[in-house]
$ cat final.pdb   # PDB, N, CA, C and O atoms
MODEL        1
ATOM      1  N   MET A   1     175.329 -38.755-122.892  1.00  0.00           N
ATOM      2  CA  MET A   1     174.846 -40.030-122.419  1.00  0.00           C
ATOM      3  C   MET A   1     174.249 -39.833-121.027  1.00  0.00           C
ATOM      4  O   MET A   1     174.803 -39.132-120.199  1.00  0.00           O
ATOM      5  N   VAL A   2     173.125 -40.456-120.773  1.00  0.00           N
ATOM      6  CA  VAL A   2     172.419 -40.309-119.504  1.00  0.00           C
ATOM      7  C   VAL A   2     172.783 -41.469-118.586  1.00  0.00           C
ATOM      8  O   VAL A   2     172.800 -42.620-119.009  1.00  0.00           O
ATOM      9  N   ILE A   3     173.061 -41.136-117.337  1.00  0.00           N
ATOM     10  CA  ILE A   3     173.366 -42.156-116.336  1.00  0.00           C
ATOM     11  C   ILE A   3     172.111 -42.394-115.497  1.00  0.00           C
ATOM     12  O   ILE A   3     171.538 -41.463-114.944  1.00  0.00           O
ATOM     13  N   THR A   4     171.680 -43.642-115.401  1.00  0.00           N
ATOM     14  CA  THR A   4     170.505 -44.008-114.614  1.00  0.00           C
ATOM     15  C   THR A   4     170.910 -44.231-113.157  1.00  0.00           C
ATOM     16  O   THR A   4     172.101 -44.211-112.812  1.00  0.00           O
ATOM     17  N   ASN A   5     169.921 -44.464-112.303  1.00  0.00           N
ATOM     18  CA  ASN A   5     170.223 -44.781-110.909  1.00  0.00           C
ATOM     19  C   ASN A   5     171.099 -46.024-110.817  1.00  0.00           C
ATOM     20  O   ASN A   5     172.023 -46.080-110.005  1.00  0.00           O
ATOM     21  N   ALA A   6     170.808 -47.012-111.643  1.00  0.00           N
ATOM     22  CA  ALA A   6     171.630 -48.230-111.654  1.00  0.00           C
ATOM     23  C   ALA A   6     173.060 -47.907-112.054  1.00  0.00           C
ATOM     24  O   ALA A   6     174.014 -48.493-111.556  1.00  0.00           O
ATOM     25  N   GLY A   7     173.210 -46.947-112.951  1.00  0.00           N
ATOM     26  CA  GLY A   7     174.546 -46.518-113.359  1.00  0.00           C
ATOM     27  C   GLY A   7     175.268 -45.780-112.260  1.00  0.00           C
ATOM     28  O   GLY A   7     176.475 -45.955-112.070  1.00  0.00           O
ATOM     29  N   ASN A   8     174.537 -44.952-111.511  1.00  0.00           N
ATOM     30  CA  ASN A   8     175.150 -44.227-110.404  1.00  0.00           C
ATOM     31  C   ASN A   8     175.647 -45.180-109.330  1.00  0.00           C
ATOM     32  O   ASN A   8     176.724 -44.991-108.776  1.00  0.00           O
ATOM     33  N   VAL A   9     174.878 -46.206-109.036  1.00  0.00           N
ATOM     34  CA  VAL A   9     175.288 -47.197-108.036  1.00  0.00           C
ATOM     35  C   VAL A   9     176.545 -47.922-108.511  1.00  0.00           C
ATOM     36  O   VAL A   9     177.517 -48.061-107.764  1.00  0.00           O
ATOM     37  N   CYS A  10     176.538 -48.362-109.751  1.00  0.00           N
ATOM     38  CA  CYS A  10     177.701 -49.074-110.293  1.00  0.00           C
ATOM     39  C   CYS A  10     178.929 -48.169-110.327  1.00  0.00           C
ATOM     40  O   CYS A  10     180.032 -48.593-109.999  1.00  0.00           O
ATOM     41  N   TYR A  11     178.745 -46.911-110.706  1.00  0.00           N
ATOM     42  CA  TYR A  11     179.845 -45.946-110.736  1.00  0.00           C
ATOM     43  C   TYR A  11     180.464 -45.803-109.341  1.00  0.00           C
ATOM     44  O   TYR A  11     181.681 -45.841-109.186  1.00  0.00           O
ATOM     45  N   GLY A  12     179.629 -45.662-108.336  1.00  0.00           N
ATOM     46  CA  GLY A  12     180.132 -45.534-106.963  1.00  0.00           C
ATOM     47  C   GLY A  12     180.893 -46.767-106.512  1.00  0.00           C
ATOM     48  O   GLY A  12     181.954 -46.678-105.889  1.00  0.00           O
ATOM     49  N   LEU A  13     180.363 -47.946-106.848  1.00  0.00           N
ATOM     50  CA  LEU A  13     181.050 -49.184-106.483  1.00  0.00           C
ATOM     51  C   LEU A  13     182.381 -49.312-107.201  1.00  0.00           C
ATOM     52  O   LEU A  13     183.372 -49.760-106.613  1.00  0.00           O
ATOM     53  N   MET A  14     182.418 -48.907-108.465  1.00  0.00           N
ATOM     54  CA  MET A  14     183.679 -48.988-109.213  1.00  0.00           C
ATOM     55  C   MET A  14     184.718 -48.036-108.640  1.00  0.00           C
ATOM     56  O   MET A  14     185.894 -48.374-108.555  1.00  0.00           O
ATOM     57  N   ARG A  15     184.299 -46.847-108.223  1.00  0.00           N
ATOM     58  CA  ARG A  15     185.244 -45.900-107.626  1.00  0.00           C
ATOM     59  C   ARG A  15     185.815 -46.440-106.331  1.00  0.00           C
ATOM     60  O   ARG A  15     186.955 -46.152-105.976  1.00  0.00           O
ATOM     61  N   LEU A  16     185.011 -47.204-105.600  1.00  0.00           N
ATOM     62  CA  LEU A  16     185.468 -47.828-104.353  1.00  0.00           C
ATOM     63  C   LEU A  16     186.165 -49.161-104.602  1.00  0.00           C
ATOM     64  O   LEU A  16     186.630 -49.797-103.655  1.00  0.00           O
ATOM     65  N   GLN A  17     186.215 -49.577-105.863  1.00  0.00           N
ATOM     66  CA  GLN A  17     186.796 -50.856-106.268  1.00  0.00           C
ATOM     67  C   GLN A  17     186.098 -52.019-105.574  1.00  0.00           C
ATOM     68  O   GLN A  17     186.720 -52.957-105.100  1.00  0.00           O
ATOM     69  N   LEU A  18     184.760 -51.959-105.544  1.00  0.00           N
ATOM     70  CA  LEU A  18     183.931 -52.995-104.939  1.00  0.00           C
ATOM     71  C   LEU A  18     182.885 -53.470-105.940  1.00  0.00           C
ATOM     72  O   LEU A  18     182.544 -52.760-106.880  1.00  0.00           O
ATOM     73  N   GLY A  19     182.338 -54.637-105.700  1.00  0.00           N
ATOM     74  CA  GLY A  19     181.178 -55.110-106.423  1.00  0.00           C
ATOM     75  C   GLY A  19     181.360 -55.422-107.886  1.00  0.00           C
ATOM     76  O   GLY A  19     180.407 -55.334-108.653  1.00  0.00           O
ATOM     77  N   HIS A  20     182.549 -55.841-108.292  1.00  0.00           N
ATOM     78  CA  HIS A  20     182.775 -56.139-109.705  1.00  0.00           C
ATOM     79  C   HIS A  20     181.950 -57.334-110.179  1.00  0.00           C
ATOM     80  O   HIS A  20     181.688 -57.454-111.367  1.00  0.00           O
ATOM     81  N   ASP A  21     181.528 -58.197-109.261  1.00  0.00           N
ATOM     82  CA  ASP A  21     180.764 -59.375-109.655  1.00  0.00           C
ATOM     83  C   ASP A  21     179.267 -59.233-109.395  1.00  0.00           C
ATOM     84  O   ASP A  21     178.513 -60.168-109.604  1.00  0.00           O
ATOM     85  N   LEU A  22     178.818 -58.065-108.940  1.00  0.00           N
ATOM     86  CA  LEU A  22     177.403 -57.861-108.660  1.00  0.00           C
ATOM     87  C   LEU A  22     176.622 -57.574-109.942  1.00  0.00           C
ATOM     88  O   LEU A  22     177.080 -56.847-110.816  1.00  0.00           O
ATOM     89  N   THR A  23     175.433 -58.155-110.027  1.00  0.00           N
ATOM     90  CA  THR A  23     174.551 -57.871-111.156  1.00  0.00           C
ATOM     91  C   THR A  23     173.279 -57.179-110.701  1.00  0.00           C
ATOM     92  O   THR A  23     172.528 -56.667-111.514  1.00  0.00           O
ATOM     93  N   GLY A  24     173.019 -57.174-109.395  1.00  0.00           N
ATOM     94  CA  GLY A  24     171.828 -56.534-108.862  1.00  0.00           C
ATOM     95  C   GLY A  24     171.824 -56.607-107.353  1.00  0.00           C
ATOM     96  O   GLY A  24     172.710 -57.195-106.738  1.00  0.00           O
ATOM     97  N   PHE A  25     170.811 -56.002-106.753  1.00  0.00           N
ATOM     98  CA  PHE A  25     170.652 -56.001-105.313  1.00  0.00           C
ATOM     99  C   PHE A  25     169.178 -55.777-104.989  1.00  0.00           C
ATOM    100  O   PHE A  25     168.376 -55.528-105.881  1.00  0.00           O
ATOM    101  N   ARG A  26     168.811 -55.882-103.737  1.00  0.00           N
ATOM    102  CA  ARG A  26     167.435 -55.633-103.308  1.00  0.00           C
ATOM    103  C   ARG A  26     167.427 -54.395-102.423  1.00  0.00           C
ATOM    104  O   ARG A  26     168.255 -54.238-101.540  1.00  0.00           O
ATOM    105  N   TYR A  27     166.461 -53.527-102.663  1.00  0.00           N
ATOM    106  CA  TYR A  27     166.296 -52.313-101.860  1.00  0.00           C
ATOM    107  C   TYR A  27     164.808 -52.133-101.643  1.00  0.00           C
ATOM    108  O   TYR A  27     164.043 -52.111-102.605  1.00  0.00           O
ATOM    109  N   GLY A  28     164.404 -52.037-100.392  1.00  0.00           N
ATOM    110  CA  GLY A  28     162.987 -51.909-100.091  1.00  0.00           C
ATOM    111  C   GLY A  28     162.197 -53.135-100.515  1.00  0.00           C
ATOM    112  O   GLY A  28     161.024 -53.033-100.854  1.00  0.00           O
ATOM    113  N   GLY A  29     162.846 -54.294-100.520  1.00  0.00           N
ATOM    114  CA  GLY A  29     162.196 -55.528-100.902  1.00  0.00           C
ATOM    115  C   GLY A  29     162.032 -55.703-102.402  1.00  0.00           C
ATOM    116  O   GLY A  29     161.526 -56.726-102.851  1.00  0.00           O
ATOM    117  N   GLN A  30     162.469 -54.732-103.187  1.00  0.00           N
ATOM    118  CA  GLN A  30     162.333 -54.792-104.637  1.00  0.00           C
ATOM    119  C   GLN A  30     163.686 -55.098-105.277  1.00  0.00           C
ATOM    120  O   GLN A  30     164.702 -54.535-104.868  1.00  0.00           O
ATOM    121  N   PRO A  31     163.713 -55.968-106.274  1.00  0.00           N
ATOM    122  CA  PRO A  31     164.985 -56.233-106.966  1.00  0.00           C
ATOM    123  C   PRO A  31     165.392 -55.032-107.804  1.00  0.00           C
ATOM    124  O   PRO A  31     164.565 -54.390-108.447  1.00  0.00           O
ATOM    125  N   ARG A  32     166.655 -54.702-107.762  1.00  0.00           N
ATOM    126  CA  ARG A  32     167.211 -53.588-108.538  1.00  0.00           C
ATOM    127  C   ARG A  32     168.381 -54.100-109.356  1.00  0.00           C
ATOM    128  O   ARG A  32     169.203 -54.858-108.873  1.00  0.00           O
ATOM    129  N   GLY A  33     168.471 -53.678-110.571  1.00  0.00           N
ATOM    130  CA  GLY A  33     169.578 -54.070-111.427  1.00  0.00           C
ATOM    131  C   GLY A  33     170.709 -53.060-111.340  1.00  0.00           C
ATOM    132  O   GLY A  33     170.546 -51.963-110.830  1.00  0.00           O
ATOM    133  N   LEU A  34     171.852 -53.459-111.820  1.00  0.00           N
ATOM    134  CA  LEU A  34     173.008 -52.564-111.904  1.00  0.00           C
ATOM    135  C   LEU A  34     173.431 -52.437-113.352  1.00  0.00           C
ATOM    136  O   LEU A  34     173.296 -53.377-114.136  1.00  0.00           O
ATOM    137  N   ALA A  35     173.940 -51.291-113.694  1.00  0.00           N
ATOM    138  CA  ALA A  35     174.500 -51.104-115.033  1.00  0.00           C
ATOM    139  C   ALA A  35     175.761 -51.959-115.144  1.00  0.00           C
ATOM    140  O   ALA A  35     176.436 -52.231-114.151  1.00  0.00           O
ATOM    141  N   SER A  36     176.064 -52.380-116.340  1.00  0.00           N
ATOM    142  CA  SER A  36     177.272 -53.183-116.536  1.00  0.00           C
ATOM    143  C   SER A  36     178.506 -52.279-116.475  1.00  0.00           C
ATOM    144  O   SER A  36     178.412 -51.070-116.668  1.00  0.00           O
ATOM    145  N   GLU A  37     179.642 -52.892-116.211  1.00  0.00           N
ATOM    146  CA  GLU A  37     180.891 -52.128-116.192  1.00  0.00           C
ATOM    147  C   GLU A  37     181.159 -51.499-117.545  1.00  0.00           C
ATOM    148  O   GLU A  37     181.670 -50.388-117.630  1.00  0.00           O
ATOM    149  N   ALA A  38     180.801 -52.204-118.613  1.00  0.00           N
ATOM    150  CA  ALA A  38     181.029 -51.672-119.963  1.00  0.00           C
ATOM    151  C   ALA A  38     180.243 -50.380-120.185  1.00  0.00           C
ATOM    152  O   ALA A  38     180.753 -49.436-120.796  1.00  0.00           O
ATOM    153  N   GLU A  39     179.006 -50.331-119.694  1.00  0.00           N
ATOM    154  CA  GLU A  39     178.190 -49.124-119.842  1.00  0.00           C
ATOM    155  C   GLU A  39     178.802 -47.951-119.085  1.00  0.00           C
ATOM    156  O   GLU A  39     178.830 -46.822-119.571  1.00  0.00           O
ATOM    157  N   ILE A  40     179.302 -48.221-117.893  1.00  0.00           N
ATOM    158  CA  ILE A  40     179.892 -47.155-117.078  1.00  0.00           C
ATOM    159  C   ILE A  40     181.214 -46.704-117.679  1.00  0.00           C
ATOM    160  O   ILE A  40     181.506 -45.509-117.742  1.00  0.00           O
ATOM    161  N   LEU A  41     182.024 -47.646-118.159  1.00  0.00           N
ATOM    162  CA  LEU A  41     183.307 -47.274-118.758  1.00  0.00           C
ATOM    163  C   LEU A  41     183.114 -46.472-120.039  1.00  0.00           C
ATOM    164  O   LEU A  41     183.961 -45.649-120.381  1.00  0.00           O
ATOM    165  N   ALA A  42     182.005 -46.694-120.736  1.00  0.00           N
ATOM    166  CA  ALA A  42     181.724 -45.898-121.933  1.00  0.00           C
ATOM    167  C   ALA A  42     181.481 -44.435-121.564  1.00  0.00           C
ATOM    168  O   ALA A  42     181.850 -43.531-122.313  1.00  0.00           O
ATOM    169  N   CYS A  43     180.891 -44.205-120.404  1.00  0.00           N
ATOM    170  CA  CYS A  43     180.615 -42.834-119.947  1.00  0.00           C
ATOM    171  C   CYS A  43     181.798 -42.219-119.206  1.00  0.00           C
ATOM    172  O   CYS A  43     182.002 -41.007-119.269  1.00  0.00           O
ATOM    173  N   PHE A  44     182.537 -43.057-118.472  1.00  0.00           N
ATOM    174  CA  PHE A  44     183.633 -42.580-117.643  1.00  0.00           C
ATOM    175  C   PHE A  44     184.903 -43.385-117.941  1.00  0.00           C
ATOM    176  O   PHE A  44     185.295 -44.252-117.180  1.00  0.00           O
ATOM    177  N   PRO A  45     185.570 -43.105-119.060  1.00  0.00           N
ATOM    178  CA  PRO A  45     186.749 -43.903-119.434  1.00  0.00           C
ATOM    179  C   PRO A  45     187.886 -43.820-118.410  1.00  0.00           C
ATOM    180  O   PRO A  45     188.734 -44.704-118.360  1.00  0.00           O
ATOM    181  N   GLU A  46     187.903 -42.770-117.584  1.00  0.00           N
ATOM    182  CA  GLU A  46     188.975 -42.646-116.580  1.00  0.00           C
ATOM    183  C   GLU A  46     188.898 -43.738-115.536  1.00  0.00           C
ATOM    184  O   GLU A  46     189.877 -43.992-114.815  1.00  0.00           O
ATOM    185  N   LEU A  47     187.758 -44.427-115.427  1.00  0.00           N
ATOM    186  CA  LEU A  47     187.630 -45.515-114.468  1.00  0.00           C
ATOM    187  C   LEU A  47     188.263 -46.808-114.966  1.00  0.00           C
ATOM    188  O   LEU A  47     188.367 -47.767-114.222  1.00  0.00           O
ATOM    189  N   ALA A  48     188.692 -46.848-116.211  1.00  0.00           N
ATOM    190  CA  ALA A  48     189.273 -48.078-116.769  1.00  0.00           C
ATOM    191  C   ALA A  48     190.506 -48.502-115.985  1.00  0.00           C
ATOM    192  O   ALA A  48     190.782 -49.698-115.865  1.00  0.00           O
ATOM    193  N   SER A  49     191.240 -47.563-115.431  1.00  0.00           N
ATOM    194  CA  SER A  49     192.425 -47.922-114.651  1.00  0.00           C
ATOM    195  C   SER A  49     192.042 -48.564-113.328  1.00  0.00           C
ATOM    196  O   SER A  49     192.847 -49.270-112.724  1.00  0.00           O
ATOM    197  N   LEU A  50     190.806 -48.360-112.861  1.00  0.00           N
ATOM    198  CA  LEU A  50     190.332 -48.951-111.597  1.00  0.00           C
ATOM    199  C   LEU A  50     189.702 -50.317-111.819  1.00  0.00           C
ATOM    200  O   LEU A  50     189.627 -51.108-110.890  1.00  0.00           O
ATOM    201  N   ALA A  51     189.207 -50.579-113.015  1.00  0.00           N
ATOM    202  CA  ALA A  51     188.464 -51.816-113.270  1.00  0.00           C
ATOM    203  C   ALA A  51     189.356 -53.028-113.343  1.00  0.00           C
ATOM    204  O   ALA A  51     190.496 -53.013-113.485  1.00  0.00           O
TER     205      ALA A  51
ENDMDL
END
$ encode --input "final.pdb" --output "structure tokens"
Amino acid sequence: MVITNAGNVCYGLMRLQLGHDLTGFRYGGQPRGLASEAEILACFPELASLA
């Protein structure tokens, strides 16, 4: 399974136990989406204990 940039951002936030309610953000004035927690947990099941 391939992790996108949006997935990497969500993965980092989940490891820090932050941003569970975020759906996107702005970077460089452009809207950016985030991968859902379900998508990240499918790739990294060990994070389920943090979610």
$ select_by_dssp --input "final.pdb" --residues "chain A" --states "strand (DSSP E or B)" --output "list in words"
Gly24, Phe25, Arg26, Tyr27, Gln30, Pro31, Arg32 and Gly33 of chain A
$ residues_around --input "final.pdb" --residues "Ala35 of chain A" --least-positions-apart "2" --cutoff "7 Å" --atoms "all atoms listed in the file" --output "list in words"
Asn5, Ala6, Gly7, Asn8, Val9, Cys10, Tyr11, Leu22, Thr23, Gly33, Glu37, Ala38, Glu39 and Ile40 of chain A
$ atom_distance --input "final.pdb" --atom1 "atom C of Met14 of chain A" --atom2 "atom N of Ala48 of chain A"
8.6 Å
$ closest_residue --input "final.pdb" --among "A:Pro31, A:Ser36, A:Leu47, A:Ala42" --to "Leu16 of chain A" --atoms "only C-alpha atoms"
A:Leu47
$ axis_aligned_box --input "final.pdb" --around "segment 19-28 of chain A" --padding-each-side "8 Å" --output "AutoDock Vina command-line options"
--center_x 171.9 --center_y -56.0 --center_z -105.8 --size_x 37.8 --size_y 24.3 --size_z 27.4
$ atom_distance --input "final.pdb" --atom1 "atom CA of Cys43 of chain A" --atom2 "atom CA of His20 of chain A"
16.9 Å
$ decode --input "final.pdb" --residues "segment 15-41 of chain A" --atoms "N, CA, C and O atoms" --output "mmCIF file, in the first residue's frame"
data_model
loop_
_atom_site.group_PDB
_atom_site.id
_atom_site.type_symbol
_atom_site.label_atom_id
_atom_site.label_comp_id
_atom_site.auth_asym_id
_atom_site.auth_seq_id
_atom_site.Cartn_x
_atom_site.Cartn_y
_atom_site.Cartn_z
ATOM 1 N N ARG A 15 0.731 9.785 15.526
ATOM 2 C CA ARG A 15 1.803 9.379 16.438
ATOM 3 C C ARG A 15 1.955 10.363 17.579
ATOM 4 O O ARG A 15 2.326 9.991 18.689
ATOM 5 N N LEU A 16 1.696 11.637 17.303
ATOM 6 C CA LEU A 16 1.756 12.675 18.337
ATOM 7 C C LEU A 16 0.445 12.794 19.107
ATOM 8 O O LEU A 16 0.345 13.604 20.029
ATOM 9 N N GLN A 17 -0.546 12.001 18.713
ATOM 10 C CA GLN A 17 -1.883 12.026 19.305
ATOM 11 C C GLN A 17 -2.509 13.410 19.182
ATOM 12 O O GLN A 17 -3.115 13.930 20.107
ATOM 13 N N LEU A 18 -2.379 14.003 17.989
ATOM 14 C CA LEU A 18 -2.934 15.318 17.690
ATOM 15 C C LEU A 18 -3.793 15.243 16.434
ATOM 16 O O LEU A 18 -3.632 14.346 15.613
ATOM 17 N N GLY A 19 -4.657 16.213 16.262
ATOM 18 C CA GLY A 19 -5.373 16.401 15.018
ATOM 19 C C GLY A 19 -6.381 15.347 14.640
ATOM 20 O O GLY A 19 -6.642 15.146 13.458
ATOM 21 N N HIS A 20 -7.003 14.699 15.614
ATOM 22 C CA HIS A 20 -7.976 13.657 15.292
ATOM 23 C C HIS A 20 -9.208 14.220 14.585
ATOM 24 O O HIS A 20 -9.891 13.486 13.887
ATOM 25 N N ASP A 21 -9.476 15.511 14.744
ATOM 26 C CA ASP A 21 -10.655 16.100 14.121
ATOM 27 C C ASP A 21 -10.331 16.903 12.864
ATOM 28 O O ASP A 21 -11.209 17.515 12.280
ATOM 29 N N LEU A 22 -9.073 16.908 12.432
ATOM 30 C CA LEU A 22 -8.688 17.660 11.245
ATOM 31 C C LEU A 22 -9.042 16.896 9.968
ATOM 32 O O LEU A 22 -8.871 15.686 9.884
ATOM 33 N N THR A 23 -9.530 17.634 8.980
ATOM 34 C CA THR A 23 -9.806 17.034 7.677
ATOM 35 C C THR A 23 -8.919 17.629 6.599
ATOM 36 O O THR A 23 -8.845 17.106 5.499
ATOM 37 N N GLY A 24 -8.251 18.740 6.900
ATOM 38 C CA GLY A 24 -7.374 19.383 5.935
ATOM 39 C C GLY A 24 -6.684 20.571 6.563
ATOM 40 O O GLY A 24 -6.929 20.918 7.715
ATOM 41 N N PHE A 25 -5.813 21.202 5.791
ATOM 42 C CA PHE A 25 -5.086 22.372 6.239
ATOM 43 C C PHE A 25 -4.660 23.175 5.013
ATOM 44 O O PHE A 25 -4.851 22.736 3.885
ATOM 45 N N ARG A 26 -4.109 24.344 5.218
ATOM 46 C CA ARG A 26 -3.613 25.171 4.118
ATOM 47 C C ARG A 26 -2.100 25.275 4.242
ATOM 48 O O ARG A 26 -1.564 25.506 5.314
ATOM 49 N N TYR A 27 -1.423 25.120 3.119
ATOM 50 C CA TYR A 27 0.036 25.243 3.074
ATOM 51 C C TYR A 27 0.372 25.990 1.800
ATOM 52 O O TYR A 27 -0.053 25.588 0.719
ATOM 53 N N GLY A 28 1.098 27.083 1.934
ATOM 54 C CA GLY A 28 1.427 27.887 0.767
ATOM 55 C C GLY A 28 0.192 28.486 0.117
ATOM 56 O O GLY A 28 0.167 28.705 -1.088
ATOM 57 N N GLY A 29 -0.844 28.731 0.911
ATOM 58 C CA GLY A 29 -2.072 29.304 0.405
ATOM 59 C C GLY A 29 -2.964 28.314 -0.324
ATOM 60 O O GLY A 29 -4.048 28.673 -0.769
ATOM 61 N N GLN A 30 -2.536 27.066 -0.436
ATOM 62 C CA GLN A 30 -3.305 26.048 -1.139
ATOM 63 C C GLN A 30 -3.953 25.096 -0.136
ATOM 64 O O GLN A 30 -3.310 24.692 0.833
ATOM 65 N N PRO A 31 -5.205 24.726 -0.358
ATOM 66 C CA PRO A 31 -5.840 23.752 0.544
ATOM 67 C C PRO A 31 -5.239 22.372 0.340
ATOM 68 O O PRO A 31 -4.964 21.952 -0.781
ATOM 69 N N ARG A 32 -4.992 21.685 1.424
ATOM 70 C CA ARG A 32 -4.442 20.325 1.394
ATOM 71 C C ARG A 32 -5.349 19.415 2.201
ATOM 72 O O ARG A 32 -5.803 19.769 3.273
ATOM 73 N N GLY A 33 -5.595 18.251 1.704
ATOM 74 C CA GLY A 33 -6.414 17.284 2.416
ATOM 75 C C GLY A 33 -5.550 16.375 3.273
ATOM 76 O O GLY A 33 -4.339 16.327 3.131
ATOM 77 N N LEU A 34 -6.189 15.682 4.172
ATOM 78 C CA LEU A 34 -5.512 14.684 5.003
ATOM 79 C C LEU A 34 -6.145 13.330 4.764
ATOM 80 O O LEU A 34 -7.343 13.229 4.498
ATOM 81 N N ALA A 35 -5.349 12.308 4.864
ATOM 82 C CA ALA A 35 -5.881 10.947 4.781
ATOM 83 C C ALA A 35 -6.737 10.696 6.022
ATOM 84 O O ALA A 35 -6.509 11.280 7.082
ATOM 85 N N SER A 36 -7.712 9.843 5.881
ATOM 86 C CA SER A 36 -8.563 9.526 7.029
ATOM 87 C C SER A 36 -7.809 8.600 7.988
ATOM 88 O O SER A 36 -6.855 7.932 7.600
ATOM 89 N N GLU A 37 -8.262 8.579 9.225
ATOM 90 C CA GLU A 37 -7.652 7.679 10.206
ATOM 91 C C GLU A 37 -7.795 6.233 9.774
ATOM 92 O O GLU A 37 -6.900 5.423 9.988
ATOM 93 N N ALA A 38 -8.921 5.906 9.148
ATOM 94 C CA ALA A 38 -9.145 4.525 8.700
ATOM 95 C C ALA A 38 -8.100 4.106 7.665
ATOM 96 O O ALA A 38 -7.612 2.972 7.694
ATOM 97 N N GLU A 39 -7.753 5.012 6.753
ATOM 98 C CA GLU A 39 -6.743 4.702 5.739
ATOM 99 C C GLU A 39 -5.380 4.461 6.376
ATOM 100 O O GLU A 39 -4.646 3.553 5.991
ATOM 101 N N ILE A 40 -5.043 5.274 7.361
ATOM 102 C CA ILE A 40 -3.742 5.137 8.023
ATOM 103 C C ILE A 40 -3.715 3.876 8.873
ATOM 104 O O ILE A 40 -2.726 3.141 8.885
ATOM 105 N N LEU A 41 -4.809 3.585 9.576
ATOM 106 C CA LEU A 41 -4.847 2.380 10.406
ATOM 107 C C LEU A 41 -4.783 1.115 9.560
ATOM 108 O O LEU A 41 -4.282 0.093 10.023
#
